[in-house]
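**Q** I am attaching a structure below and will ask some questions about it afterwards.
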Amino acid sequence: MSALIAAATPTTTWYMVLAAVLFGIGTVGVLVRRNPLVMFMCIELMLNAVNLSFVALAKRLGDIGGQTTVFFVMVVAAAEVVVGLGIIVSIMRKRPGANVDDISALKG
Amino acid sequence: MELVVFVFAAAMILVGGLGVVLRSHPVHAALSLILTLFGVAVIFVSQEAHFLAAVQVIVYAGAIVVLFLFVIMLLGVDRTEDIKTEPFKIQRPLAVIVGLGVIGLVTAAVITSRDVVATRGAGIAEPAMTDPDSNIRQLSRSVFGDYVVAFEVTSVLLVVAVVGTVLLTRKVKPTSKESQ
């Protein structure tokens, strides 16, 4: 049993498959949920899945560029969350408890 | 040993991810998101991305999720919402099919390109990330050397985001010129 555990070292493929599953979960969340805040969280899940595969490939290929990309993805994700939450706050002030179906017409 | 770390981190990530999608209370979804982010940070450490693991915990779990929770509390949507009713009957089955399709296609692509990754990895001469301190040194050389233009553009992006958010969320005074 211990020999089996020692033999089964996770390869890069495992990490990539884990990232794919996390990305799929995020996709389903964006498509299914109606609360804009929860949809935002699902977008964060998808961004994290991509970061995961970048870091795994950076280790595998011995190239630091993958980690640099993850750094920039994190910065852009932070800016995106700030702007997105600002939009959600300004919408929710006018219509408390709105979900994304209520604001599909873009008419203020 | 790496297997144990991988299994635990993967369990954290998947349980947290499913929690974000399935929990009907937004605060519970945000806390599940923290679980996922910590799992990703654990995998970052095991993949020798130490600086990114620290940034993941500080920026994502520390700042972004707190921002989410702050907005949830501010807007007063911290109550259980009804996720049983679905206006479009076909949407949920279609969404699950799309999600499984994405997972299946990406997994198939990863598994078929396994050999390509292996050969390219062998082709890079310099073995990176061997010295424990080298990760942050290499990352800083990359960010402030090769990608310094992108780094500067990032600062512009952050300023634009801050100014835009302030403009979006401030209340327009009724005595301003625009309303006359």
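The way I read the labels, and the way they are meant: chains A, B, ... in the order of the structure tokens, residue 1 as the first residue of every chain, and ligand 1 as the first ligand shown, with later ones counted on from there.
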Find the residues near B:Leu52: any atom within 10 Å, counting only C-alpha atoms, skip ones fewer than 5 places away on the same chain, and give them as an MDAnalysis selection string.

**A** (chainID A and resid 51 55 67:68 70:71 74) or (chainID B and resid 41 44:45 57:59 135:136 139)

**Q** When you look at A:Asn48 with a cut-off of 12 Å (counting only C-alpha atoms), what residues show up, excluding the ones that are within fewer than 5 positions of it in the same chain? I need them as an MDAnalysis selection string.

**A** (chainID A and resid 18:26 41:43 53:55 70:71 73:74 77) or (chainID B and resid 13 17 33:34 36:41 43:44 52:53 56 60:61)

**Q** Per residue of chain A within 8 Å of chain B, what are the shortest atom pair and its distance in Å to one decimal, counting only C-alpha atoms, with rows by chain and residue number, as a Markdown table?

**A**
```
| residue | atom | partner | partner_atom | distance |
| --- | --- | --- | --- | --- |
| A:Ile5 | CA | B:Leu3 | CA | 7.1 |
| A:Ala6 | CA | B:Met1 | CA | 7.3 |
| A:Ala8 | CA | B:Leu3 | CA | 6.9 |
| A:Thr9 | CA | B:Leu3 | CA | 5.6 |
| A:Pro10 | CA | B:Leu3 | CA | 5.8 |
| A:Thr13 | CA | B:Val110 | CA | 6.5 |
| A:Met16 | CA | B:Val110 | CA | 6.8 |
| A:Val17 | CA | B:Thr107 | CA | 5.5 |
| A:Leu18 | CA | B:Ala10 | CA | 7.0 |
| A:Ala20 | CA | B:Ile103 | CA | 5.3 |
| A:Val21 | CA | B:Ile103 | CA | 5.5 |
| A:Leu22 | CA | B:Leu14 | CA | 6.7 |
| A:Phe23 | CA | B:Ile103 | CA | 7.4 |
| A:Gly24 | CA | B:Gly99 | CA | 4.7 |
| A:Ile25 | CA | B:Gly17 | CA | 6.5 |
| A:Gly26 | CA | B:Gly17 | CA | 7.3 |
| A:Thr27 | CA | B:Gly99 | CA | 5.9 |
| A:Val28 | CA | B:Gly99 | CA | 5.3 |
| A:Gly29 | CA | B:Val21 | CA | 5.0 |
| A:Leu31 | CA | B:Ala95 | CA | 5.8 |
| A:Val32 | CA | B:Arg92 | CA | 6.0 |
| A:Arg33 | CA | B:Val21 | CA | 7.3 |
| A:Leu37 | CA | B:Phe68 | CA | 7.5 |
| A:Val38 | CA | B:Pro26 | CA | 6.6 |
| A:Met41 | CA | B:Leu33 | CA | 7.1 |
| A:Cys42 | CA | B:Val20 | CA | 7.0 |
| A:Leu45 | CA | B:Gly17 | CA | 7.0 |
| A:Asn48 | CA | B:Val40 | CA | 7.3 |
| A:Leu52 | CA | B:Val40 | CA | 6.9 |
| A:Val55 | CA | B:Phe44 | CA | 6.8 |
| A:Ala56 | CA | B:Gln47 | CA | 6.3 |
| A:Lys59 | CA | B:Gln47 | CA | 6.1 |
| A:Arg60 | CA | B:Gly121 | CA | 6.1 |
| A:Leu61 | CA | B:Gly121 | CA | 4.2 |
| A:Gly62 | CA | B:Ala128 | CA | 5.0 |
| A:Asp63 | CA | B:Ala128 | CA | 6.7 |
| A:Ile64 | CA | B:Leu139 | CA | 6.4 |
| A:Gly65 | CA | B:Ser142 | CA | 7.0 |
| A:Gln67 | CA | B:Leu139 | CA | 7.1 |
| A:Thr68 | CA | B:Val143 | CA | 6.3 |
| A:Val70 | CA | B:Leu52 | CA | 7.8 |
| A:Phe71 | CA | B:Leu52 | CA | 7.0 |
| A:Phe72 | CA | B:Thr154 | CA | 7.8 |
| A:Val75 | CA | B:Thr154 | CA | 7.4 |
| A:Val76 | CA | B:Thr154 | CA | 7.7 |
| A:Ala78 | CA | B:Ile64 | CA | 6.9 |
| A:Ala79 | CA | B:Ala161 | CA | 5.8 |
| A:Glu80 | CA | B:Ala161 | CA | 7.6 |
| A:Val81 | CA | B:Ile64 | CA | 7.3 |
| A:Val82 | CA | B:Thr165 | CA | 6.9 |
| A:Val83 | CA | B:Thr165 | CA | 5.4 |
| A:Leu85 | CA | B:Val71 | CA | 7.3 |
| A:Gly86 | CA | B:Thr165 | CA | 5.4 |
| A:Ile87 | CA | B:Leu168 | CA | 6.6 |
| A:Val89 | CA | B:Thr169 | CA | 6.9 |
| A:Ser90 | CA | B:Thr169 | CA | 5.4 |
| A:Met92 | CA | B:Leu75 | CA | 7.0 |
| A:Arg93 | CA | B:Leu75 | CA | 7.8 |
| A:Pro96 | CA | B:Leu75 | CA | 7.6 |
| A:Gly97 | CA | B:Val77 | CA | 6.8 |
```

**Q** Give the helix (DSSP H, G or I) residues of stretch 49-159 of chain B, as DSSP finds them on the backbone, and put them as a VMD selection string.

**A** chain B and resid 50 to 75 91 to 112 114 to 123 134 to 146 148 to 159

**Q** Find the distance between atom CA of A:Val100 and atom CA of B:Met73 and write it in Å to one decimal.

**A**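 The value is 18.7 Å.
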